[in-house]
Structure formats: structure tokens, C-alpha cells
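Have a look at the structure below, then the notes.
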Amino acid sequence: MANNIVVLGAGVSGLTTAYLLSQDPANRITVLAKHMPGDYDIEYASPWAGANYMPVGKEGSAHQKWERNTWPALKEITDKYPEAGVHFRGTLIYNRKKDQESDTGKWFSELTQPNPWYKDVVPDFKNVPSDQLPTGVDSGQEFTSVCINTAVYLPWLVGQCVKNGAVFKRAVFKHIADAANAHHTGQKADVVINCTGLSSKTLGGVLDDKMYPARGQIVVVRNDPGPMMSTSGTDDGEDEALYIMTRAAGGGTILGGSYQKHNWDALPDMNLANRIMKRCIEVCPNLVKEGQGIEGLNIIRHGVGLRPLREGGTRIEKEKVDGVAVVHNYGHGGFGYQASFGCAYDAVALVKEVLQNKSRAKL
Ligand code: FAD
């Protein structure tokens with residue numbers, strides 16, 4: 001018996017969920033979204049991400065499980081499918097004790113542990129010897145991670161889904177239950193998967209008040225400094241971050257950033273952009289030629305994205321809304337890529353429960 005499935009949302013959460021579901025030929029999938037890969041919009045977080053795998057889930061949490069379960073899938077994609085736009089990259093993390101209580105320090109508290117759970121997940125983990133740490137840095141870690149060129153990876157996911165028979169359509173919904181009536185077969189969907197990110201705050205039938213943004217501003221440059229790096233914080237403000245990552249396949253280098261909670265401003269703040277560029281060069285002088293400052297950076301674009309944070313954490317749950325079976329998979333904050341497969345596995349398990357109940361009801 002065929003299953004009619006609607007995935008609402010074409011960010012990394014919706015596309016990864018659709019990709020996994022599309023591997024079962026019994027599933028007829030329609031992906032519906034206001035924004036699709038190729039668009040750049042403040043309501044669409046996924047294109048703005050770096051994106052890399054820097055685990056932040058606390059030991060023993062569901063978040064940790066999602067990140068742990070995502071690494072093997074990202075590794076396999078990197079190994080097997082160079083056309084997906086993901087590459088392995090050396091990674092350096094610097095930790096300063098004074099950042100412990102700041103927003104960025106708390107966000108990265110698991111990442112910056114000297115003995116973190118992810119040391120057995122990523123390859124080549126080691127602590128940086130103290131005599132190799134720059135002044136002001138208390139500890140450091142090195143490992144191999146991945147950097148995802150989102151401009152290549154998101155379309156690659158679309159391509160995999162289309163190859164497996166999924167149909168993509170633009171649509172905007174005021175209420176989640178309405179999406180069940182937009183399946184490409186004309187029949188009602190058996191289940192709708194809600195992957196609308198921050199918009200779950202305003203989408204009818206969901207109206208999740210726990211959702212809020214953490215604004216991330218970036219500068220994309222043509223310079224290539226080599227390994228990825230990140231620090232636990234900066235001296236420019238509690239909610240200003242520092243990270244550098246060069247994307248695969250000519251995607252440029254992302255200089256970040258910020259983690260500004262409850263800030264919805266879509267426009268780049270040029271003062272913040274200056275601070276981002278200055279501190280990246282300070283920590284990573286080989287971004288530019290010797291003796292150069294920010295004039296040595298070759299800028300592709302400035303950007304702002306809103307990380308879809310949720311008080312209480314990501315929501316992966318099923319419920320009935322106006323008689324429609326809905327599986328939620330939203331609220332992935334700053335970890336939507338590095339937890340993408342782990343979260344999608346859990347969402348797919350819930351979809352299977354819904355479909356089994358449907359089959360039982362028909363017997
Ligand atoms: P989104 O990408 O926002 O997609 C939502 C989808 O739902 C869109 O297609 C939208 O059009 C659709 N939609 C919403 N409402 C409706 C509606 N009513 N009708 C129809 N369609 C609708 N994560 C990492 O793992 N690693 C990183 O290095 C990283 N770096 C980041 C850096 C920045 C600057 C930012 C902003 C984020 C970063 N993230 C990173 C986080 C990551 O980008 C997000 O967690 C992730 O993109 C969320 O994806 P999503 O699919 O849930 O939501």
C-alpha cells in the first residue's frame with residue numbers, strides 16, 4: 001500500500017527527512033515550501049549556515065544522540081559523494097575560561113571540554129599542548145570535521161529526493177493541517193511532517209511560543225586560510241562569536257559571527273562586520289597577506305541568518321492537528337546540519353508509527 005507523505009519545509013531538516021523517506025519506494029512524497037534551495041531569505045536559515053560539525057549537545061541528552069548519529073552519515077556522504085559539496089577539514093577549537101558564563105561560552109560548553117564525548121566520534125581528536133596555545137587561551141582541541149557548502153549540499157539533497165520520485169512544489173500555508181490537502185496525487189496525505197523551523201512560531205495549528213531566533217551574522221570571503229577554527233568567545237560582547245571555515249568546492253570562507261538571542265534584524269550591521277573581520281585576522285593572521293588588515297579580505301557577501309532556537313530543545317513529536325497526523329521536526333538552533341540525520345531518523349520512526357496505525361485501521 002502506498003503512503004502519501006507531505007514534508008513541509010525545504011531546509012536541511014525537511015530535505016534530510018524527505019531523503020530518508022524517499023529511499024522506501026512505498027512512500028509517495030511531496031515536499032512543499034515557501035523557500036527552496038537557491039533562495040536567500042531571512043525566513044530560511046539553512047543557506048546561511050557555515051556549515052560544519054562542531055558538537056554542542058550535553059552528554060546523555062537527546063541532542064547528543066542526534067549529533068552522534070549524524071556523524072556516520074556525513075562521513076559517508078563526504079567519502080562517497082564528492083558532488084554533495086562536503087569535505088573533511090582540520091579543526092581547531094580555542095577555549096578561554098573567562099567565556100564560561102557568556103552566551104557563546106554556554107553554547108560551546110560541551111565543544112570546549114578537554115575530555116568531550118565526541119572525541120570517540122570524530123577522527124584525530126587531541127588536546128593542544130599548552131605550550132602551543134596562543135596568549136589568553138586556556139585550552140584547545142584539534143580534530144577532523146567536515147565543512148558543508150550549503151549552496152551545493154541542499155540542491156544535492158533535492159536531487160537525491162527527486163531521483164527517488166519525490167515531487168517538489170512551492171506553497172505557503174497559514175495552517176499546518178492545510179498542507180495535507182496539497183499532496184501531488186490529489187489525495188489527502190496520510191501524514192504531514194512539519195520542518196518549518198522558526199516559522200513554527202507563527203504557523204497555525206503549531207503556534208509554538210517557545211521558538212525564538214539567535215541572529216548569526218557572517219562575512220563570506222574568497223581568502224582560504226586552511227583549517228577551520230572557533231573560539232569560546234570574544235572580547236567584543238557576550239553574544240559575539242568567532243569562527244572560520246572554508247567550504248568545499250569553491251564555496252568561499254565563512255567568517256563568523258554572532259549569537260544574538262531574540263534579535264530579528266535581517267540587515268547586516270557593518271560595525272559588527274568590521275569586528276568579525278578584525279578578530280578573525282587577529283586569531284588567524286594567514287587569512288590575509290603579511291602586514292595586511294581587513295583590506296586584505298576579498299569579500300563575496302555579508303549575510304544574516306536566524307538560528308531557529310527552542311526553549312526546552314528541538315521538537316520531534318507526533319500529534320493530531322484538526323484530524324491530520326503531524327510529525328514535528330523543528331527547532332534545531334545552531335546545530336541543524338550536525339544533528340540533521342539523527343533528528344531525521346527519529347522523525348522517520350514516528351512517521352512509521354503513524355503509517356502502521358493507518359494500516360491497522362484499514363484491516
Ligand atoms: P529552515 O532552513 O529555516 O527551513 C524552513 C523551511 O520551511 C523553508 O523551506 C521555509 O520556506 C519553509 N516554511 C516555513 N514556514 C512555511 C509556511 N508557512 N509555508 C510553507 N513553507 C514554510 N548548523 C550546523 O549544524 N552547523 C553550522 O555550522 C551552522 N552554522 C550556522 C550559521 C549561521 C549564521 C546560522 C544562521 C545557522 C547555522 N546553523 C548551523 C544552524 C542551521 O542553519 C539551522 O539549524 C538549520 O538550517 C535549520 O533548518 P530547518 O530546515 O529546520 O529550517
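Note on naming: chains are A, B, ... as they come in the C-alpha cells, residues start from 1 per chain, ligands start from 1 in the order shown.
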
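Every protein, DNA or RNA residue with an atom at most 8 Å from Val326 in chain A, where only C-alpha atoms count and chain neighbours fewer than 2 positions away do not, is listed here: Val191, Val192, Ile193, Asn194, Lys318, Glu319, Lys320, Val321, Val324 and His328 of chain A.
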
| said: Neighbours of ligand 1 at 7 Å or closer, counting only C-alpha atoms and all ligand atoms: which residues, as a ChimeraX atom specification? | reply: /A:8-14,32-36,43-54,171-174,195-200,203,215-218,257,304-308,330-339

| request: Identify, with DSSP run on backbone atoms, the residues in range 164-279 of chain A assigned to alpha helix (DSSP H), and express the list as a ChimeraX atom specification. | output: /A:270-279

Write out, as a PDB file, in the first residue's frame, the residues just selected, with all heavy atoms.
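Generated output (again-v5.pdb):
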ATOM      1  N   MET A 270      27.148  46.799   9.802  1.00  0.00           N
ATOM      2  CA  MET A 270      28.507  46.940   9.256  1.00  0.00           C
ATOM      3  C   MET A 270      29.568  47.120  10.346  1.00  0.00           C
ATOM      4  O   MET A 270      30.729  46.799  10.135  1.00  0.00           O
ATOM      5  CB  MET A 270      28.554  48.087   8.241  1.00  0.00           C
ATOM      6  CG  MET A 270      27.931  47.680   6.920  1.00  0.00           C
ATOM      7  SD  MET A 270      28.699  46.138   6.313  1.00  0.00           S
ATOM      8  CE  MET A 270      27.400  45.431   5.395  1.00  0.00           C
ATOM      9  N   ASN A 271      29.152  47.648  11.511  1.00  0.00           N
ATOM     10  CA  ASN A 271      30.120  47.731  12.615  1.00  0.00           C
ATOM     11  C   ASN A 271      30.470  46.330  13.107  1.00  0.00           C
ATOM     12  O   ASN A 271      31.634  46.010  13.347  1.00  0.00           O
ATOM     13  CB  ASN A 271      29.554  48.559  13.772  1.00  0.00           C
ATOM     14  CG  ASN A 271      29.473  50.022  13.396  1.00  0.00           C
ATOM     15  OD1 ASN A 271      30.375  50.549  12.748  1.00  0.00           O
ATOM     16  ND2 ASN A 271      28.379  50.663  13.760  1.00  0.00           N
ATOM     17  N   LEU A 272      29.436  45.496  13.225  1.00  0.00           N
ATOM     18  CA  LEU A 272      29.674  44.102  13.627  1.00  0.00           C
ATOM     19  C   LEU A 272      30.524  43.393  12.558  1.00  0.00           C
ATOM     20  O   LEU A 272      31.452  42.642  12.897  1.00  0.00           O
ATOM     21  CB  LEU A 272      28.321  43.393  13.832  1.00  0.00           C
ATOM     22  CG  LEU A 272      28.338  41.884  14.084  1.00  0.00           C
ATOM     23  CD1 LEU A 272      29.228  41.515  15.275  1.00  0.00           C
ATOM     24  CD2 LEU A 272      26.912  41.364  14.351  1.00  0.00           C
ATOM     25  N   ALA A 273      30.225  43.661  11.289  1.00  0.00           N
ATOM     26  CA  ALA A 273      31.004  43.025  10.203  1.00  0.00           C
ATOM     27  C   ALA A 273      32.490  43.377  10.341  1.00  0.00           C
ATOM     28  O   ALA A 273      33.357  42.511  10.199  1.00  0.00           O
ATOM     29  CB  ALA A 273      30.476  43.475   8.847  1.00  0.00           C
ATOM     30  N   ASN A 274      32.779  44.637  10.659  1.00  0.00           N
ATOM     31  CA  ASN A 274      34.179  45.060  10.853  1.00  0.00           C
ATOM     32  C   ASN A 274      34.831  44.314  12.005  1.00  0.00           C
ATOM     33  O   ASN A 274      35.976  43.874  11.909  1.00  0.00           O
ATOM     34  CB  ASN A 274      34.233  46.562  11.162  1.00  0.00           C
ATOM     35  CG  ASN A 274      34.409  47.359   9.891  1.00  0.00           C
ATOM     36  OD1 ASN A 274      35.004  46.881   8.929  1.00  0.00           O
ATOM     37  ND2 ASN A 274      33.864  48.556   9.870  1.00  0.00           N
ATOM     38  N   ARG A 275      34.073  44.181  13.108  1.00  0.00           N
ATOM     39  CA  ARG A 275      34.640  43.472  14.270  1.00  0.00           C
ATOM     40  C   ARG A 275      34.897  42.005  13.916  1.00  0.00           C
ATOM     41  O   ARG A 275      35.916  41.440  14.295  1.00  0.00           O
ATOM     42  CB  ARG A 275      33.685  43.577  15.479  1.00  0.00           C
ATOM     43  CG  ARG A 275      33.542  44.981  16.033  1.00  0.00           C
ATOM     44  CD  ARG A 275      32.914  44.977  17.425  1.00  0.00           C
ATOM     45  NE  ARG A 275      31.530  44.542  17.461  1.00  0.00           N
ATOM     46  CZ  ARG A 275      30.469  45.309  17.210  1.00  0.00           C
ATOM     47  NH1 ARG A 275      30.625  46.580  16.888  1.00  0.00           N
ATOM     48  NH2 ARG A 275      29.237  44.820  17.287  1.00  0.00           N
ATOM     49  N   ILE A 276      33.954  41.388  13.183  1.00  0.00           N
ATOM     50  CA  ILE A 276      34.122  39.974  12.794  1.00  0.00           C
ATOM     51  C   ILE A 276      35.415  39.821  11.984  1.00  0.00           C
ATOM     52  O   ILE A 276      36.253  38.951  12.264  1.00  0.00           O
ATOM     53  CB  ILE A 276      32.898  39.494  11.961  1.00  0.00           C
ATOM     54  CG1 ILE A 276      31.664  39.364  12.846  1.00  0.00           C
ATOM     55  CG2 ILE A 276      33.202  38.155  11.260  1.00  0.00           C
ATOM     56  CD1 ILE A 276      30.365  39.065  12.096  1.00  0.00           C
ATOM     57  N   MET A 277      35.600  40.684  10.988  1.00  0.00           N
ATOM     58  CA  MET A 277      36.771  40.549  10.103  1.00  0.00           C
ATOM     59  C   MET A 277      38.062  40.792  10.886  1.00  0.00           C
ATOM     60  O   MET A 277      39.031  40.043  10.740  1.00  0.00           O
ATOM     61  CB  MET A 277      36.633  41.516   8.921  1.00  0.00           C
ATOM     62  CG  MET A 277      35.482  41.137   7.999  1.00  0.00           C
ATOM     63  SD  MET A 277      35.416  42.119   6.480  1.00  0.00           S
ATOM     64  CE  MET A 277      34.676  43.635   7.049  1.00  0.00           C
ATOM     65  N   LYS A 278      38.057  41.829  11.738  1.00  0.00           N
ATOM     66  CA  LYS A 278      39.268  42.164  12.505  1.00  0.00           C
ATOM     67  C   LYS A 278      39.682  41.023  13.409  1.00  0.00           C
ATOM     68  O   LYS A 278      40.847  40.643  13.469  1.00  0.00           O
ATOM     69  CB  LYS A 278      39.003  43.410  13.366  1.00  0.00           C
ATOM     70  CG  LYS A 278      39.315  44.691  12.658  1.00  0.00           C
ATOM     71  CD  LYS A 278      39.295  45.834  13.643  1.00  0.00           C
ATOM     72  CE  LYS A 278      39.552  47.128  12.901  1.00  0.00           C
ATOM     73  NZ  LYS A 278      39.029  48.286  13.570  1.00  0.00           N
ATOM     74  N   ARG A 279      38.712  40.471  14.157  1.00  0.00           N
ATOM     75  CA  ARG A 279      39.123  39.445  15.129  1.00  0.00           C
ATOM     76  C   ARG A 279      39.497  38.138  14.436  1.00  0.00           C
ATOM     77  O   ARG A 279      40.335  37.405  14.950  1.00  0.00           O
ATOM     78  CB  ARG A 279      38.107  39.277  16.258  1.00  0.00           C
ATOM     79  CG  ARG A 279      36.721  38.912  15.885  1.00  0.00           C
ATOM     80  CD  ARG A 279      35.793  39.039  17.108  1.00  0.00           C
ATOM     81  NE  ARG A 279      34.437  38.658  16.728  1.00  0.00           N
ATOM     82  CZ  ARG A 279      33.371  39.388  16.934  1.00  0.00           C
ATOM     83  NH1 ARG A 279      33.461  40.562  17.540  1.00  0.00           N
ATOM     84  NH2 ARG A 279      32.178  38.961  16.562  1.00  0.00           N
TER      85      ARG A 279
END

| query | Any idea what the distance is between CA of Gly251 in chain A and CA of Gly293 in chain A? | reply |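 About the pair CA of Gly251 in chain A and CA of Gly293 in chain A: they are 22.3 Å apart.
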
| task | Determine, counting only C-alpha atoms, which protein, DNA and RNA residues have an atom within 6 Å of an atom of range 209-212 of chain A; residues of the same chain fewer than 5 positions away are not included. Present the result as a ChimeraX atom specification. | result | /A:201,262,309-311

| message | So the first atom is CA of Asn329 in chain A and the second is CA of Ile316 in chain A; what is the distance between them in Å, to one decimal place? | response |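 Separation of CA of Asn329 in chain A and CA of Ile316 in chain A: 4.7 Å.
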
| query | If you count only C-alpha atoms, which residues fall within 9 Å of Met245 in chain A, apart from same-chain ones fewer than 2 positions away, as a list in words? | reply | Gly50, Ala51, Asn52, Arg89, Thr91, Cys147, Asp224, Pro225, Gly226, Pro227, Met228, Met229, Ser230, Tyr243, Arg247, Gly252, Thr253, Ile254, Leu255 and Gly256 of chain A

| field | Long-range neighbours of Gly165 in chain A as JSON, numbers by chain, 10 Å cut-off, only C-alpha atoms, 2 positions minimum in chain | value | {"A": [22, 23, 25, 27, 28, 29, 30, 159, 160, 161, 162, 163, 167, 168]}

Suppose we keep N, CA and C atoms; can you now write the selection as a PDB file, in the first residue's frame?
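Once everything was written out, this is out-v9.pdb:
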ATOM      1  N   SER A  22      12.389   8.908   1.148  1.00  0.00           N
ATOM      2  CA  SER A  22      12.297   8.624  -0.292  1.00  0.00           C
ATOM      3  C   SER A  22      13.018   7.317  -0.658  1.00  0.00           C
ATOM      4  N   GLN A  23      13.815   6.787   0.286  1.00  0.00           N
ATOM      5  CA  GLN A  23      14.520   5.534  -0.008  1.00  0.00           C
ATOM      6  C   GLN A  23      13.587   4.324   0.034  1.00  0.00           C
ATOM      7  N   PRO A  25      10.364   2.780  -1.588  1.00  0.00           N
ATOM      8  CA  PRO A  25       9.509   3.019  -2.763  1.00  0.00           C
ATOM      9  C   PRO A  25       8.013   3.069  -2.435  1.00  0.00           C
ATOM     10  N   ASN A  27       6.736   4.972  -0.313  1.00  0.00           N
ATOM     11  CA  ASN A  27       6.399   6.345   0.090  1.00  0.00           C
ATOM     12  C   ASN A  27       6.280   7.278  -1.112  1.00  0.00           C
ATOM     13  N   ARG A  28       5.124   7.945  -1.251  1.00  0.00           N
ATOM     14  CA  ARG A  28       4.945   8.965  -2.291  1.00  0.00           C
ATOM     15  C   ARG A  28       5.045  10.318  -1.595  1.00  0.00           C
ATOM     16  N   ILE A  29       6.133  11.027  -1.903  1.00  0.00           N
ATOM     17  CA  ILE A  29       6.458  12.220  -1.098  1.00  0.00           C
ATOM     18  C   ILE A  29       6.288  13.505  -1.881  1.00  0.00           C
ATOM     19  N   THR A  30       5.619  14.480  -1.261  1.00  0.00           N
ATOM     20  CA  THR A  30       5.568  15.839  -1.802  1.00  0.00           C
ATOM     21  C   THR A  30       6.285  16.751  -0.808  1.00  0.00           C
ATOM     22  N   GLY A 159      18.183  16.771  -5.335  1.00  0.00           N
ATOM     23  CA  GLY A 159      18.420  15.844  -6.445  1.00  0.00           C
ATOM     24  C   GLY A 159      18.229  14.384  -6.041  1.00  0.00           C
ATOM     25  N   GLN A 160      18.715  14.030  -4.846  1.00  0.00           N
ATOM     26  CA  GLN A 160      18.563  12.644  -4.365  1.00  0.00           C
ATOM     27  C   GLN A 160      17.081  12.311  -4.186  1.00  0.00           C
ATOM     28  N   CYS A 161      16.339  13.267  -3.637  1.00  0.00           N
ATOM     29  CA  CYS A 161      14.902  13.031  -3.396  1.00  0.00           C
ATOM     30  C   CYS A 161      14.161  12.889  -4.727  1.00  0.00           C
ATOM     31  N   VAL A 162      14.475  13.772  -5.680  1.00  0.00           N
ATOM     32  CA  VAL A 162      13.791  13.752  -6.986  1.00  0.00           C
ATOM     33  C   VAL A 162      14.094  12.436  -7.711  1.00  0.00           C
ATOM     34  N   LYS A 163      15.376  12.017  -7.619  1.00  0.00           N
ATOM     35  CA  LYS A 163      15.781  10.745  -8.237  1.00  0.00           C
ATOM     36  C   LYS A 163      14.953   9.581  -7.673  1.00  0.00           C
ATOM     37  N   VAL A 167       8.306  14.733  -5.234  1.00  0.00           N
ATOM     38  CA  VAL A 167       7.863  15.886  -6.038  1.00  0.00           C
ATOM     39  C   VAL A 167       8.005  17.147  -5.177  1.00  0.00           C
ATOM     40  N   PHE A 168       8.592  18.198  -5.763  1.00  0.00           N
ATOM     41  CA  PHE A 168       8.796  19.457  -5.039  1.00  0.00           C
ATOM     42  C   PHE A 168       7.849  20.523  -5.582  1.00  0.00           C
TER      43      PHE A 168
END

| request: Write out as a PyMOL selection string all residues of range 62-241 of chain A that DSSP puts in strand (DSSP E) for this structure's backbone. | output: chain A and resi 86-95+126-127+139-148+167-170+191-194+211-221+228-231+240-241

Dump C-alpha atoms for the selected residues as a compact mmCIF listing (two decimals), in the first residue's frame?
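For reference, again_14.txt as written:
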# COMPACT_ATOMS: atom_id res chain seq x y z
CA VAL A 86 31.11 18.35 1.79
CA HIS A 87 34.80 17.97 2.64
CA PHE A 88 36.92 16.90 5.60
CA ARG A 89 38.78 19.71 7.29
CA GLY A 90 41.24 20.03 10.17
CA THR A 91 39.55 21.85 13.09
CA LEU A 92 40.98 23.87 15.95
CA ILE A 93 38.97 25.00 19.00
CA TYR A 94 40.29 27.58 21.47
CA ASN A 95 38.75 27.88 24.92
CA LYS A 126 43.70 15.56 20.56
CA ASN A 127 44.17 18.31 23.12
CA SER A 139 42.91 25.10 26.45
CA GLY A 140 42.42 23.84 22.91
CA GLN A 141 41.27 20.83 20.91
CA GLU A 142 42.09 19.60 17.44
CA PHE A 143 40.17 17.09 15.35
CA THR A 144 38.99 16.34 11.83
CA SER A 145 35.49 17.54 10.99
CA VAL A 146 33.51 18.35 7.85
CA CYS A 147 32.56 21.64 6.24
CA ILE A 148 29.42 21.67 4.11
CA VAL A 167 7.86 15.89 -6.04
CA PHE A 168 8.80 19.46 -5.04
CA LYS A 169 6.27 22.32 -5.09
CA ARG A 170 6.24 25.91 -3.88
CA VAL A 191 0.95 12.36 7.42
CA VAL A 192 2.44 15.87 7.31
CA ILE A 193 6.00 16.38 8.59
CA ASN A 194 6.48 19.87 9.98
CA MET A 211 10.59 29.40 19.38
CA TYR A 212 12.97 32.37 19.18
CA PRO A 213 15.88 33.42 16.93
CA ALA A 214 19.61 33.62 17.63
CA ARG A 215 20.84 36.00 14.95
CA GLY A 216 24.01 34.98 13.15
CA GLN A 217 25.92 37.48 11.03
CA ILE A 218 28.64 36.32 8.66
CA VAL A 219 31.08 37.60 6.05
CA VAL A 220 31.85 35.29 3.12
CA VAL A 221 35.33 35.85 1.61
CA MET A 228 38.61 25.53 10.42
CA MET A 229 38.70 27.22 13.78
CA SER A 230 36.48 28.56 16.53
CA THR A 231 36.85 30.21 19.93
CA GLU A 240 29.65 37.82 19.51
CA ALA A 241 31.35 34.69 18.22
